[in-house]
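Let me begin by presenting the structure, written as structure tokens, before commenting on it.
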Amino acid sequence: MVCGLTFAQACFSEQGTSPRSAEGSRLKLTLSSGVAGAIAESSDPDGFIATRYVDEGRLPDLSREEQQRGYVLFARHWMDLVFPNSIPARSEVTDHLAAFASPGECEPFTFCVRSVKEISGLDITVGEFVSKNGATISAPEVQVVRCVPRLWLGEEPVREEGPVGVMNMPTYLEAPRLIDMVAERTVQFWLTAEVPPDAEPGIYEAQVQVSHDQSDSYSVMLALEILPVALVKPDLRLGFWDFQRPYQGEIGSLDEVYQTMNRHGINAVFTHEGIYQYDKKTDTYDFSQCISISDAGGVTVDLAGCPLAERAEAARQAGFLSMIYNTHIWMFVTEEVQKRHEREVLEKQSRREVRRVLRRYRNSPHYDLIKEEIKATSEKMFPLYSDAFGSLYVEVLRSILAEAEKHGWPMLLLDPGDEIRSAHVRDKTAFPRVIRFLELMKRAGATTIMNHLSPTMGDEYADYGSQVMRYLDVGMPGLRVGSRSPYGATIEKTARDFTSLGIAAHTYSNSGQAGVTPDLSIVRFNAGFFFGTLGREVVGEFDYIFYRPEEDPYNPTDGRHLWSHERMWFFPPQAESSRLGGRALVLAAKRQGYDDLRYLKTLENLLDLAESAGDSPQVKEVALAARGMLDRMLGSFTFTDRSLDTNRRQFRSEWDSVSAAPGAIPVVKGKSVLHNGWQYEDYDRSRRQLAEAAIKLQQVLASGNSNIGK
């Protein structure tokens, strides 16, 4: 298969349920949402309130055939969230679905079944795609969209005085099985076509059969147009924080999880794993398995069997290009240095280094504060500033980097500490500590990365920030669409500032909140067209976090009140609630945004080639038209106040209508759309325009009318 393992393989781990065995237990879809039960199970039920989606549409008059079948089949754009009470318009009722794709692409078809009476044994079967020339593509994988109680606004209350809203929302994709439905219930099906890299261009058709126990089968035709476009892989770093809590294989093996990420466009990953064994009971780190120092002081690093090695090898197998590594070797170095050197010697070295460091800030208006904080850091983390510490730290780190290179692992990006700006507010030693680490990392030849900071930080953070920038290779502030806080500048300005300093600009968790509250529109934009608009100078992005349930993944009101952190882009199986698990809708949307990006970068690459191809009038004419179309397309986005974002995104701003009056049940209506000037269909229409322009450029560049290579 073009995408490596099939999506079906990715959805079922050894601990899960196979598609074959899943067919043995029916899925029963009632009108109950499960929200009341989820709130009742909370330790603070008064802190939550059920939020409802209301569809004010009216079911169209039914034909005799529809009445006999017991359901209405309709199609709605996959970005448009479909709820159990969603009602179709007559214009949406259809038995034909169409899509286009390029070789090597995965493309969804979606349709919905709205029951008008109780039906049992609803079944979906689909055949392979066949072209007029007899070429075939494997049948699309069928999945069911499952709904789950989710926090409607993350941690934010529905009203200023609270409580937090919980709504039954379409959330993830699950393997199909026979379905029993009550009357007036809607279910959505998601069919993913995987196009082989060598697929012949043309129109391919497949037939879907919809049947249940009380009716004959009904046919739906799928038409898939394969375009003659060779899509490129974007030259960007696209990653995930992998797991926050101890990972126990709930959603598959480590290899399977990384493969799933890679099939959705991910080429980088962050890991907390290191080169130590951690004992939670004693809160201690044992480095002895991986690092040893001889009596003569020689350093030996052997990463075989270390947790980092497991992560790095899985990342290599998945095709990842880089990996963020948050090293903790300072703990090992601190202990070893104090064992091998007299304290008086270390104190003398430290005083000398502290004086050198303080000279950097001598013209700062915050000098006295910084001096106090650096001296406190020197005492608290003694012997951090000693020459002995620095020398051993560099030697150990060089050995680790050499081992990683020897094994052919993805490039390690060294992270000296997470969210340092926030950490410094709580612990005034954070900035001095990481600046010391950064300097030593660069001395060891490492590539460095930090998040949640920017060249535009103010006050004493600006002084610390200027020192961070001296040793930083990748900057990753937690900016959002249009947000100016806490960095005092937009994404565009911040990215330009990083670039001017020779630092690669990344964004951090633009779509992370979507792992809490399903938000397909912003995920697709941020994974794709963002990089052609607000993120023109952004060359990478990491999202937080691929998998972090606090307690029950299907009940967001439990756990330790870390609701905004309970992010899941993939759901585990749960036998007791008849949940088979699968990828979140937002992960599927991220894949589509990634494909938008591939089309965008393919056309940009062809334009670069055409504009350097020589004096061919035909090439120039086609390139000029394509460039104009691209500029108009990207310029058609509008970022108004409604699209502005904060660290806690106001999901309510995206709905057509929201009612949250005191004393009443909060209600949302209509569609959920990121207000950037585009509707759902604009993304697909624009992708088609990119494809057609790319095809024309390919044709003229290959026609012999250009002077390529001359």
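Ligands are numbered from 1 in the order shown, chains are lettered A, B, ... in the order of the structure tokens, and residues start at 1 in each chain.
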Find the residues around stretch 330-332 of chain A up to 9 Å (only C-alpha atoms counted), leave out those fewer than 5 positions away in its own chain, and share them as a PDB file with N, CA and C atoms, in the first residue's frame.
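Resulting contents of out.pdb:
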ATOM      1  N   TYR A 285      17.267   9.068  38.812  1.00  0.00           N
ATOM      2  CA  TYR A 285      17.641   8.747  37.439  1.00  0.00           C
ATOM      3  C   TYR A 285      18.966   7.981  37.463  1.00  0.00           C
ATOM      4  N   ASP A 286      18.975   6.791  36.851  1.00  0.00           N
ATOM      5  CA  ASP A 286      20.167   5.961  36.816  1.00  0.00           C
ATOM      6  C   ASP A 286      20.721   5.939  35.391  1.00  0.00           C
ATOM      7  N   PHE A 287      21.896   6.558  35.209  1.00  0.00           N
ATOM      8  CA  PHE A 287      22.528   6.648  33.898  1.00  0.00           C
ATOM      9  C   PHE A 287      23.570   5.546  33.671  1.00  0.00           C
ATOM     10  N   ILE A 291      26.042   5.324  30.356  1.00  0.00           N
ATOM     11  CA  ILE A 291      27.249   6.162  30.430  1.00  0.00           C
ATOM     12  C   ILE A 291      28.171   5.612  31.507  1.00  0.00           C
ATOM     13  N   VAL A 337      31.027  15.174  38.592  1.00  0.00           N
ATOM     14  CA  VAL A 337      31.981  16.254  38.827  1.00  0.00           C
ATOM     15  C   VAL A 337      32.243  16.419  40.323  1.00  0.00           C
ATOM     16  N   LEU A 384      27.166  23.916  38.258  1.00  0.00           N
ATOM     17  CA  LEU A 384      26.775  24.162  36.874  1.00  0.00           C
ATOM     18  C   LEU A 384      27.769  25.047  36.130  1.00  0.00           C
ATOM     19  N   PHE A 389      32.387  21.005  35.087  1.00  0.00           N
ATOM     20  CA  PHE A 389      31.043  20.647  34.633  1.00  0.00           C
ATOM     21  C   PHE A 389      30.939  20.832  33.127  1.00  0.00           C
ATOM     22  N   TYR A 393      30.195  17.794  30.479  1.00  0.00           N
ATOM     23  CA  TYR A 393      28.909  17.896  29.789  1.00  0.00           C
ATOM     24  C   TYR A 393      29.122  17.832  28.283  1.00  0.00           C
ATOM     25  N   PHE A 437      23.207  25.690  29.441  1.00  0.00           N
ATOM     26  CA  PHE A 437      23.094  24.441  28.685  1.00  0.00           C
ATOM     27  C   PHE A 437      23.248  24.692  27.184  1.00  0.00           C
TER      28      PHE A 437
END
query: Counting only C-alpha atoms, what is within 9 Å of A:Asp80, bar same-chain residues fewer than 3 positions away, as a ChimeraX atom specification?
result: /A:76-77,520-521,671-673,680
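Taking atom CA of A:Gly559 and atom CA of A:Tyr547 as the two end points, the separation is 14.7 Å.
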query: Of the candidates A:Ile124, A:Phe570, A:Gly677, A:Ser115, which one gets nearest to A:Tyr258 if we count only C-alpha atoms?
result: A:Phe570
- request: Might you pull out every residue within 8 Å of A:Thr429, with only C-alpha atoms counted and same-chain residues fewer than 2 positions away left off, and present them as a list in words?
  value: Glu373, Ile374, Ala376, Thr377, His424, Asp427, Phe431, Pro432 and Arg433 of chain A
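Of the listed residues A:Thr494, A:Ser322, A:Ser350, A:Ser391, the one whose atoms come nearest to A:Ser378 is A:Ser350, with distances taken using only C-alpha atoms.
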message: Could you tell me how far atom CA of A:His506 sits from atom CA of A:Ile449, in Å to one decimal place?
response: 9.5 Å
task: as a PyMOL selection string, please: all residues of stretch 148-299 of chain A that backbone DSSP puts in strand (DSSP E).
output: chain A and resi 148-151+164-174+179-181+186-194+202-212+215-226+237-241+268-271+277-279+284-286+291-293+299
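Compared by their closest atoms to A:Asp213, and using only C-alpha atoms, the residues A:Glu681, A:Glu141, A:Asp473, A:Asp123 rank with A:Asp123 nearest.
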Interface rows for stretch 140-159 of chain A against stretch 173-193 of chain A: nearest pair, Å to one decimal, 8 Å, only C-alpha atoms, as a tab-separated table:
residue	atom	partner	partner_atom	distance
A:Pro140	CA	A:Ala193	CA	4.3
A:Glu141	CA	A:Thr192	CA	5.2
A:Val142	CA	A:Leu191	CA	4.6
A:Gln143	CA	A:Ala175	CA	4.9
A:Val144	CA	A:Phe189	CA	4.7
A:Val145	CA	A:Leu173	CA	4.7
A:Arg146	CA	A:Leu173	CA	6.1
Hey, can you spit out that residue selection with N, CA and C atoms as an mmCIF file, in the first residue's frame?
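What ended up in selection-v3.cif:
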data_model
loop_
_atom_site.group_PDB
_atom_site.id
_atom_site.type_symbol
_atom_site.label_atom_id
_atom_site.label_comp_id
_atom_site.auth_asym_id
_atom_site.auth_seq_id
_atom_site.Cartn_x
_atom_site.Cartn_y
_atom_site.Cartn_z
ATOM 1 N N PRO A 140 -11.760 1.406 -1.032
ATOM 2 C CA PRO A 140 -11.471 2.311 0.092
ATOM 3 C C PRO A 140 -11.795 1.640 1.418
ATOM 4 N N GLU A 141 -11.084 2.062 2.456
ATOM 5 C CA GLU A 141 -11.368 1.561 3.789
ATOM 6 C C GLU A 141 -12.584 2.283 4.352
ATOM 7 N N VAL A 142 -13.505 1.534 4.898
ATOM 8 C CA VAL A 142 -14.726 2.094 5.468
ATOM 9 C C VAL A 142 -14.536 2.268 6.969
ATOM 10 N N GLN A 143 -14.886 3.448 7.473
ATOM 11 C CA GLN A 143 -14.872 3.706 8.909
ATOM 12 C C GLN A 143 -16.145 4.436 9.310
ATOM 13 N N VAL A 144 -16.524 4.292 10.567
ATOM 14 C CA VAL A 144 -17.703 4.941 11.119
ATOM 15 C C VAL A 144 -17.252 6.105 11.990
ATOM 16 N N VAL A 145 -17.888 7.245 11.838
ATOM 17 C CA VAL A 145 -17.597 8.382 12.704
ATOM 18 C C VAL A 145 -18.332 8.173 14.027
ATOM 19 N N ARG A 146 -17.560 8.114 15.118
ATOM 20 C CA ARG A 146 -18.148 7.922 16.442
ATOM 21 C C ARG A 146 -18.154 9.234 17.218
#
- prompt: Hey, what's within 12 Å of A:Glu107 if we count only C-alpha atoms and toss same-chain stuff fewer than 6 positions away? As a PyMOL selection string, please?
  reply: chain A and resi 3+78+98-101+140-141+190-196+222-226+264+588-589+591-596+684
Write the residues of the selection above to a file with N, CA and C atoms, as a JSON list (two decimals), in the first residue's frame.
[["chain", "number", "residue", "atom", "x", "y", "z"],
["A", 3, "CYS", "N", 0.63, 4.06, 1.57],
["A", 3, "CYS", "CA", 0.85, 4.73, 2.84],
["A", 3, "CYS", "C", 1.52, 3.81, 3.86],
["A", 78, "TRP", "N", -16.69, 16.70, 4.47],
["A", 78, "TRP", "CA", -16.09, 16.01, 5.62],
["A", 78, "TRP", "C", -15.66, 16.98, 6.73],
["A", 98, "ALA", "N", -18.05, 12.14, -5.52],
["A", 98, "ALA", "CA", -16.89, 12.32, -6.39],
["A", 98, "ALA", "C", -15.76, 12.98, -5.62],
["A", 99, "ALA", "N", -14.53, 12.63, -6.00],
["A", 99, "ALA", "CA", -13.34, 13.23, -5.40],
["A", 99, "ALA", "C", -12.20, 13.12, -6.40],
["A", 100, "PHE", "N", -11.13, 13.85, -6.16],
["A", 100, "PHE", "CA", -9.94, 13.74, -7.00],
["A", 100, "PHE", "C", -8.72, 13.59, -6.10],
["A", 101, "ALA", "N", -7.69, 13.00, -6.66],
["A", 101, "ALA", "CA", -6.47, 12.79, -5.90],
["A", 101, "ALA", "C", -5.32, 12.61, -6.88],
["A", 140, "PRO", "N", -11.76, 1.41, -1.03],
["A", 140, "PRO", "CA", -11.47, 2.31, 0.09],
["A", 140, "PRO", "C", -11.80, 1.64, 1.42],
["A", 141, "GLU", "N", -11.08, 2.06, 2.46],
["A", 141, "GLU", "CA", -11.37, 1.56, 3.79],
["A", 141, "GLU", "C", -12.58, 2.28, 4.35],
["A", 190, "TRP", "N", -17.03, 7.20, 6.71],
["A", 190, "TRP", "CA", -15.83, 7.83, 6.16],
["A", 190, "TRP", "C", -15.08, 6.77, 5.37],
["A", 191, "LEU", "N", -14.93, 6.98, 4.07],
["A", 191, "LEU", "CA", -14.27, 6.03, 3.18],
["A", 191, "LEU", "C", -12.97, 6.64, 2.70],
["A", 192, "THR", "N", -11.84, 5.99, 2.99],
["A", 192, "THR", "CA", -10.53, 6.51, 2.62],
["A", 192, "THR", "C", -9.96, 5.72, 1.46],
["A", 193, "ALA", "N", -9.78, 6.40, 0.34],
["A", 193, "ALA", "CA", -9.15, 5.78, -0.83],
["A", 193, "ALA", "C", -7.65, 6.04, -0.78],
["A", 194, "GLU", "N", -6.85, 4.99, -0.93],
["A", 194, "GLU", "CA", -5.40, 5.11, -0.95],
["A", 194, "GLU", "C", -4.92, 4.89, -2.38],
["A", 195, "VAL", "N", -4.31, 5.90, -2.95],
["A", 195, "VAL", "CA", -3.91, 5.86, -4.35],
["A", 195, "VAL", "C", -2.44, 5.43, -4.43],
["A", 196, "PRO", "N", -2.15, 4.34, -5.13],
["A", 196, "PRO", "CA", -0.75, 3.91, -5.27],
["A", 196, "PRO", "C", 0.09, 4.96, -5.99],
["A", 222, "LEU", "N", -19.08, 5.77, -6.35],
["A", 222, "LEU", "CA", -17.94, 6.62, -6.05],
["A", 222, "LEU", "C", -17.15, 6.84, -7.33],
["A", 223, "ALA", "N", -16.82, 8.08, -7.62],
["A", 223, "ALA", "CA", -15.97, 8.41, -8.77],
["A", 223, "ALA", "C", -14.72, 9.10, -8.26],
["A", 224, "LEU", "N", -13.57, 8.49, -8.55],
["A", 224, "LEU", "CA", -12.29, 9.03, -8.10],
["A", 224, "LEU", "C", -11.45, 9.38, -9.32],
["A", 225, "GLU", "N", -11.16, 10.66, -9.49],
["A", 225, "GLU", "CA", -10.32, 11.10, -10.60],
["A", 225, "GLU", "C", -8.87, 11.16, -10.15],
["A", 226, "ILE", "N", -8.01, 10.43, -10.85],
["A", 226, "ILE", "CA", -6.59, 10.45, -10.55],
["A", 226, "ILE", "C", -5.91, 11.44, -11.49],
["A", 264, "HIS", "N", 0.34, 10.41, 8.13],
["A", 264, "HIS", "CA", -0.45, 11.64, 8.17],
["A", 264, "HIS", "C", 0.43, 12.88, 7.98],
["A", 588, "ALA", "N", -7.29, 12.92, 10.72],
["A", 588, "ALA", "CA", -7.65, 12.80, 9.31],
["A", 588, "ALA", "C", -7.63, 14.18, 8.64],
["A", 589, "ALA", "N", -8.10, 15.20, 9.36],
["A", 589, "ALA", "CA", -8.08, 16.56, 8.81],
["A", 589, "ALA", "C", -6.66, 17.07, 8.66],
["A", 591, "ARG", "N", -4.09, 15.27, 7.91],
["A", 591, "ARG", "CA", -3.59, 14.65, 6.69],
["A", 591, "ARG", "C", -4.05, 15.44, 5.46],
["A", 592, "GLN", "N", -5.28, 15.90, 5.45],
["A", 592, "GLN", "CA", -5.77, 16.66, 4.31],
["A", 592, "GLN", "C", -5.10, 18.03, 4.21],
["A", 593, "GLY", "N", -4.82, 18.63, 5.36],
["A", 593, "GLY", "CA", -4.05, 19.87, 5.33],
["A", 593, "GLY", "C", -2.65, 19.65, 4.79],
["A", 594, "TYR", "N", -2.05, 18.53, 5.19],
["A", 594, "TYR", "CA", -0.72, 18.17, 4.67],
["A", 594, "TYR", "C", -0.76, 18.00, 3.16],
["A", 595, "ASP", "N", -1.83, 17.40, 2.64],
["A", 595, "ASP", "CA", -1.95, 17.26, 1.18],
["A", 595, "ASP", "C", -2.14, 18.61, 0.50],
["A", 596, "ASP", "N", -2.90, 19.51, 1.13],
["A", 596, "ASP", "CA", -2.97, 20.88, 0.60],
["A", 596, "ASP", "C", -1.56, 21.46, 0.47],
["A", 684, "ASP", "N", -11.06, 22.71, -1.26],
["A", 684, "ASP", "CA", -11.01, 21.73, -2.34],
["A", 684, "ASP", "C", -10.91, 22.41, -3.70]]
Out of stretch 414-633 of chain A, which residues get helix (DSSP H, G or I) from DSSP, as a PDB file with C-alpha atoms, in the first residue's frame?
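Saved to out.pdb:
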ATOM      1  CA  ILE A 420      11.304  28.299  29.900  1.00  0.00           C
ATOM      2  CA  ARG A 421       9.584  31.666  29.922  1.00  0.00           C
ATOM      3  CA  SER A 422       6.733  30.225  31.997  1.00  0.00           C
ATOM      4  CA  ALA A 423       9.163  28.211  34.115  1.00  0.00           C
ATOM      5  CA  HIS A 424      11.167  31.337  34.920  1.00  0.00           C
ATOM      6  CA  VAL A 425       8.095  33.023  36.369  1.00  0.00           C
ATOM      7  CA  ARG A 426       7.884  30.193  38.907  1.00  0.00           C
ATOM      8  CA  ALA A 430      15.222  28.816  34.551  1.00  0.00           C
ATOM      9  CA  PHE A 431      16.726  31.256  32.037  1.00  0.00           C
ATOM     10  CA  PRO A 432      20.275  31.267  33.455  1.00  0.00           C
ATOM     11  CA  ARG A 433      20.213  27.466  33.543  1.00  0.00           C
ATOM     12  CA  VAL A 434      19.120  26.918  29.930  1.00  0.00           C
ATOM     13  CA  ILE A 435      21.474  29.585  28.577  1.00  0.00           C
ATOM     14  CA  ARG A 436      24.351  27.721  30.203  1.00  0.00           C
ATOM     15  CA  PHE A 437      23.094  24.441  28.685  1.00  0.00           C
ATOM     16  CA  LEU A 438      22.656  26.032  25.244  1.00  0.00           C
ATOM     17  CA  GLU A 439      26.207  27.342  25.206  1.00  0.00           C
ATOM     18  CA  LEU A 440      27.557  23.909  26.125  1.00  0.00           C
ATOM     19  CA  MET A 441      25.310  22.213  23.565  1.00  0.00           C
ATOM     20  CA  LYS A 442      26.657  24.410  20.800  1.00  0.00           C
ATOM     21  CA  ARG A 443      30.194  23.722  21.990  1.00  0.00           C
ATOM     22  CA  ASP A 459      11.501  43.332  30.216  1.00  0.00           C
ATOM     23  CA  GLU A 460      14.311  41.193  31.626  1.00  0.00           C
ATOM     24  CA  TYR A 461      13.143  38.385  29.342  1.00  0.00           C
ATOM     25  CA  ALA A 462      14.441  40.426  26.415  1.00  0.00           C
ATOM     26  CA  ASP A 463      17.936  40.421  27.958  1.00  0.00           C
ATOM     27  CA  TYR A 464      17.827  36.704  28.591  1.00  0.00           C
ATOM     28  CA  GLY A 465      16.256  36.170  25.189  1.00  0.00           C
ATOM     29  CA  SER A 466      19.101  37.938  23.377  1.00  0.00           C
ATOM     30  CA  GLN A 467      21.530  35.495  24.980  1.00  0.00           C
ATOM     31  CA  VAL A 468      19.330  32.512  24.076  1.00  0.00           C
ATOM     32  CA  MET A 469      19.322  33.654  20.439  1.00  0.00           C
ATOM     33  CA  ARG A 470      23.131  33.485  20.329  1.00  0.00           C
ATOM     34  CA  ILE A 491       3.375  35.091  13.802  1.00  0.00           C
ATOM     35  CA  GLU A 492       4.514  36.932  10.677  1.00  0.00           C
ATOM     36  CA  LYS A 493       6.679  39.456  12.523  1.00  0.00           C
ATOM     37  CA  THR A 494       8.063  36.883  14.933  1.00  0.00           C
ATOM     38  CA  ALA A 495       9.029  34.562  12.077  1.00  0.00           C
ATOM     39  CA  ARG A 496      10.759  37.441  10.256  1.00  0.00           C
ATOM     40  CA  ASP A 497      12.658  38.346  13.415  1.00  0.00           C
ATOM     41  CA  PHE A 498      13.849  34.757  13.861  1.00  0.00           C
ATOM     42  CA  THR A 499      14.866  34.546  10.202  1.00  0.00           C
ATOM     43  CA  SER A 500      16.837  37.793  10.411  1.00  0.00           C
ATOM     44  CA  GLY A 512      -2.988  21.327  19.637  1.00  0.00           C
ATOM     45  CA  GLN A 513      -6.301  22.366  21.181  1.00  0.00           C
ATOM     46  CA  ALA A 514      -8.095  20.441  18.424  1.00  0.00           C
ATOM     47  CA  GLY A 515      -7.005  17.288  20.231  1.00  0.00           C
ATOM     48  CA  LEU A 520     -11.418  20.269  11.572  1.00  0.00           C
ATOM     49  CA  SER A 521     -11.305  23.697   9.958  1.00  0.00           C
ATOM     50  CA  ILE A 522      -8.379  25.094  11.910  1.00  0.00           C
ATOM     51  CA  VAL A 523      -6.460  21.801  11.697  1.00  0.00           C
ATOM     52  CA  ARG A 524      -6.692  21.723   7.910  1.00  0.00           C
ATOM     53  CA  PHE A 525      -5.682  25.368   7.584  1.00  0.00           C
ATOM     54  CA  ASN A 526      -2.776  25.174  10.012  1.00  0.00           C
ATOM     55  CA  ALA A 527      -1.396  22.017   8.399  1.00  0.00           C
ATOM     56  CA  PHE A 529      -2.387  26.910   3.630  1.00  0.00           C
ATOM     57  CA  PHE A 530      -1.019  28.495   6.811  1.00  0.00           C
ATOM     58  CA  PHE A 531       2.472  27.966   5.373  1.00  0.00           C
ATOM     59  CA  GLY A 532       1.532  29.989   2.294  1.00  0.00           C
ATOM     60  CA  TRP A 563      -8.647  19.158  30.705  1.00  0.00           C
ATOM     61  CA  SER A 564      -6.801  21.362  28.241  1.00  0.00           C
ATOM     62  CA  HIS A 565      -3.943  18.820  28.281  1.00  0.00           C
ATOM     63  CA  ALA A 575     -14.297  -3.039  25.567  1.00  0.00           C
ATOM     64  CA  GLU A 576     -16.631  -2.029  28.394  1.00  0.00           C
ATOM     65  CA  SER A 577     -18.107   0.838  26.381  1.00  0.00           C
ATOM     66  CA  LEU A 585     -11.184  13.186  13.017  1.00  0.00           C
ATOM     67  CA  VAL A 586      -8.643  15.941  13.535  1.00  0.00           C
ATOM     68  CA  LEU A 587      -5.831  13.561  12.560  1.00  0.00           C
ATOM     69  CA  ALA A 588      -7.646  12.803   9.305  1.00  0.00           C
ATOM     70  CA  ALA A 589      -8.077  16.561   8.813  1.00  0.00           C
ATOM     71  CA  LYS A 590      -4.379  17.098   9.486  1.00  0.00           C
ATOM     72  CA  ARG A 591      -3.588  14.646   6.688  1.00  0.00           C
ATOM     73  CA  GLN A 592      -5.772  16.660   4.310  1.00  0.00           C
ATOM     74  CA  GLY A 593      -4.047  19.873   5.326  1.00  0.00           C
ATOM     75  CA  TYR A 594      -0.724  18.174   4.669  1.00  0.00           C
ATOM     76  CA  ASP A 595      -1.947  17.257   1.184  1.00  0.00           C
ATOM     77  CA  ASP A 596      -2.970  20.883   0.598  1.00  0.00           C
ATOM     78  CA  LEU A 597       0.605  21.760   1.501  1.00  0.00           C
ATOM     79  CA  ARG A 598       1.955  19.173  -0.944  1.00  0.00           C
ATOM     80  CA  TYR A 599      -0.081  20.685  -3.794  1.00  0.00           C
ATOM     81  CA  LEU A 600       1.040  24.173  -2.790  1.00  0.00           C
ATOM     82  CA  LYS A 601       4.727  23.232  -2.620  1.00  0.00           C
ATOM     83  CA  THR A 602       4.516  21.219  -5.857  1.00  0.00           C
ATOM     84  CA  LEU A 603       3.264  24.257  -7.744  1.00  0.00           C
ATOM     85  CA  GLU A 604       5.828  26.546  -6.092  1.00  0.00           C
ATOM     86  CA  ASN A 605       8.645  24.170  -7.077  1.00  0.00           C
ATOM     87  CA  LEU A 606       7.396  24.034 -10.668  1.00  0.00           C
ATOM     88  CA  LEU A 607       7.167  27.822 -10.758  1.00  0.00           C
ATOM     89  CA  ASP A 608      10.745  28.123  -9.558  1.00  0.00           C
ATOM     90  CA  LEU A 609      11.798  25.692 -12.271  1.00  0.00           C
ATOM     91  CA  ALA A 610       9.786  27.480 -14.943  1.00  0.00           C
ATOM     92  CA  GLU A 611      11.071  30.926 -13.989  1.00  0.00           C
ATOM     93  CA  PRO A 617       7.475  32.254 -24.351  1.00  0.00           C
ATOM     94  CA  GLN A 618       5.082  29.391 -23.683  1.00  0.00           C
ATOM     95  CA  VAL A 619       6.678  28.536 -20.340  1.00  0.00           C
ATOM     96  CA  LYS A 620       6.737  32.206 -19.353  1.00  0.00           C
ATOM     97  CA  GLU A 621       3.064  32.643 -20.248  1.00  0.00           C
ATOM     98  CA  VAL A 622       1.903  29.594 -18.305  1.00  0.00           C
ATOM     99  CA  ALA A 623       4.119  30.458 -15.335  1.00  0.00           C
ATOM    100  CA  LEU A 624       2.868  34.049 -15.249  1.00  0.00           C
ATOM    101  CA  ALA A 625      -0.758  32.862 -15.225  1.00  0.00           C
ATOM    102  CA  ALA A 626      -0.010  30.300 -12.489  1.00  0.00           C
ATOM    103  CA  ARG A 627       1.816  32.867 -10.367  1.00  0.00           C
ATOM    104  CA  GLY A 628      -1.080  35.302 -10.649  1.00  0.00           C
ATOM    105  CA  MET A 629      -3.603  32.623  -9.723  1.00  0.00           C
ATOM    106  CA  LEU A 630      -1.515  31.580  -6.712  1.00  0.00           C
ATOM    107  CA  ASP A 631      -1.133  35.148  -5.471  1.00  0.00           C
ATOM    108  CA  ARG A 632      -4.875  35.776  -5.784  1.00  0.00           C
ATOM    109  CA  MET A 633      -5.673  32.518  -3.996  1.00  0.00           C
TER     110      MET A 633
END
task: Write out as a PyMOL selection string which residues come within 10 Å of A:Leu397 when counting only C-alpha atoms, dropping same-chain ones fewer than 5 positions away.
output: chain A and resi 301+327+329-330+392+402-403+414+440-441+443-446
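When only C-alpha atoms are used to compute distances to A:Tyr218, the closest of the residues A:Gly581, A:Pro556, A:Gly70, A:Pro365 turns out to be A:Gly70.
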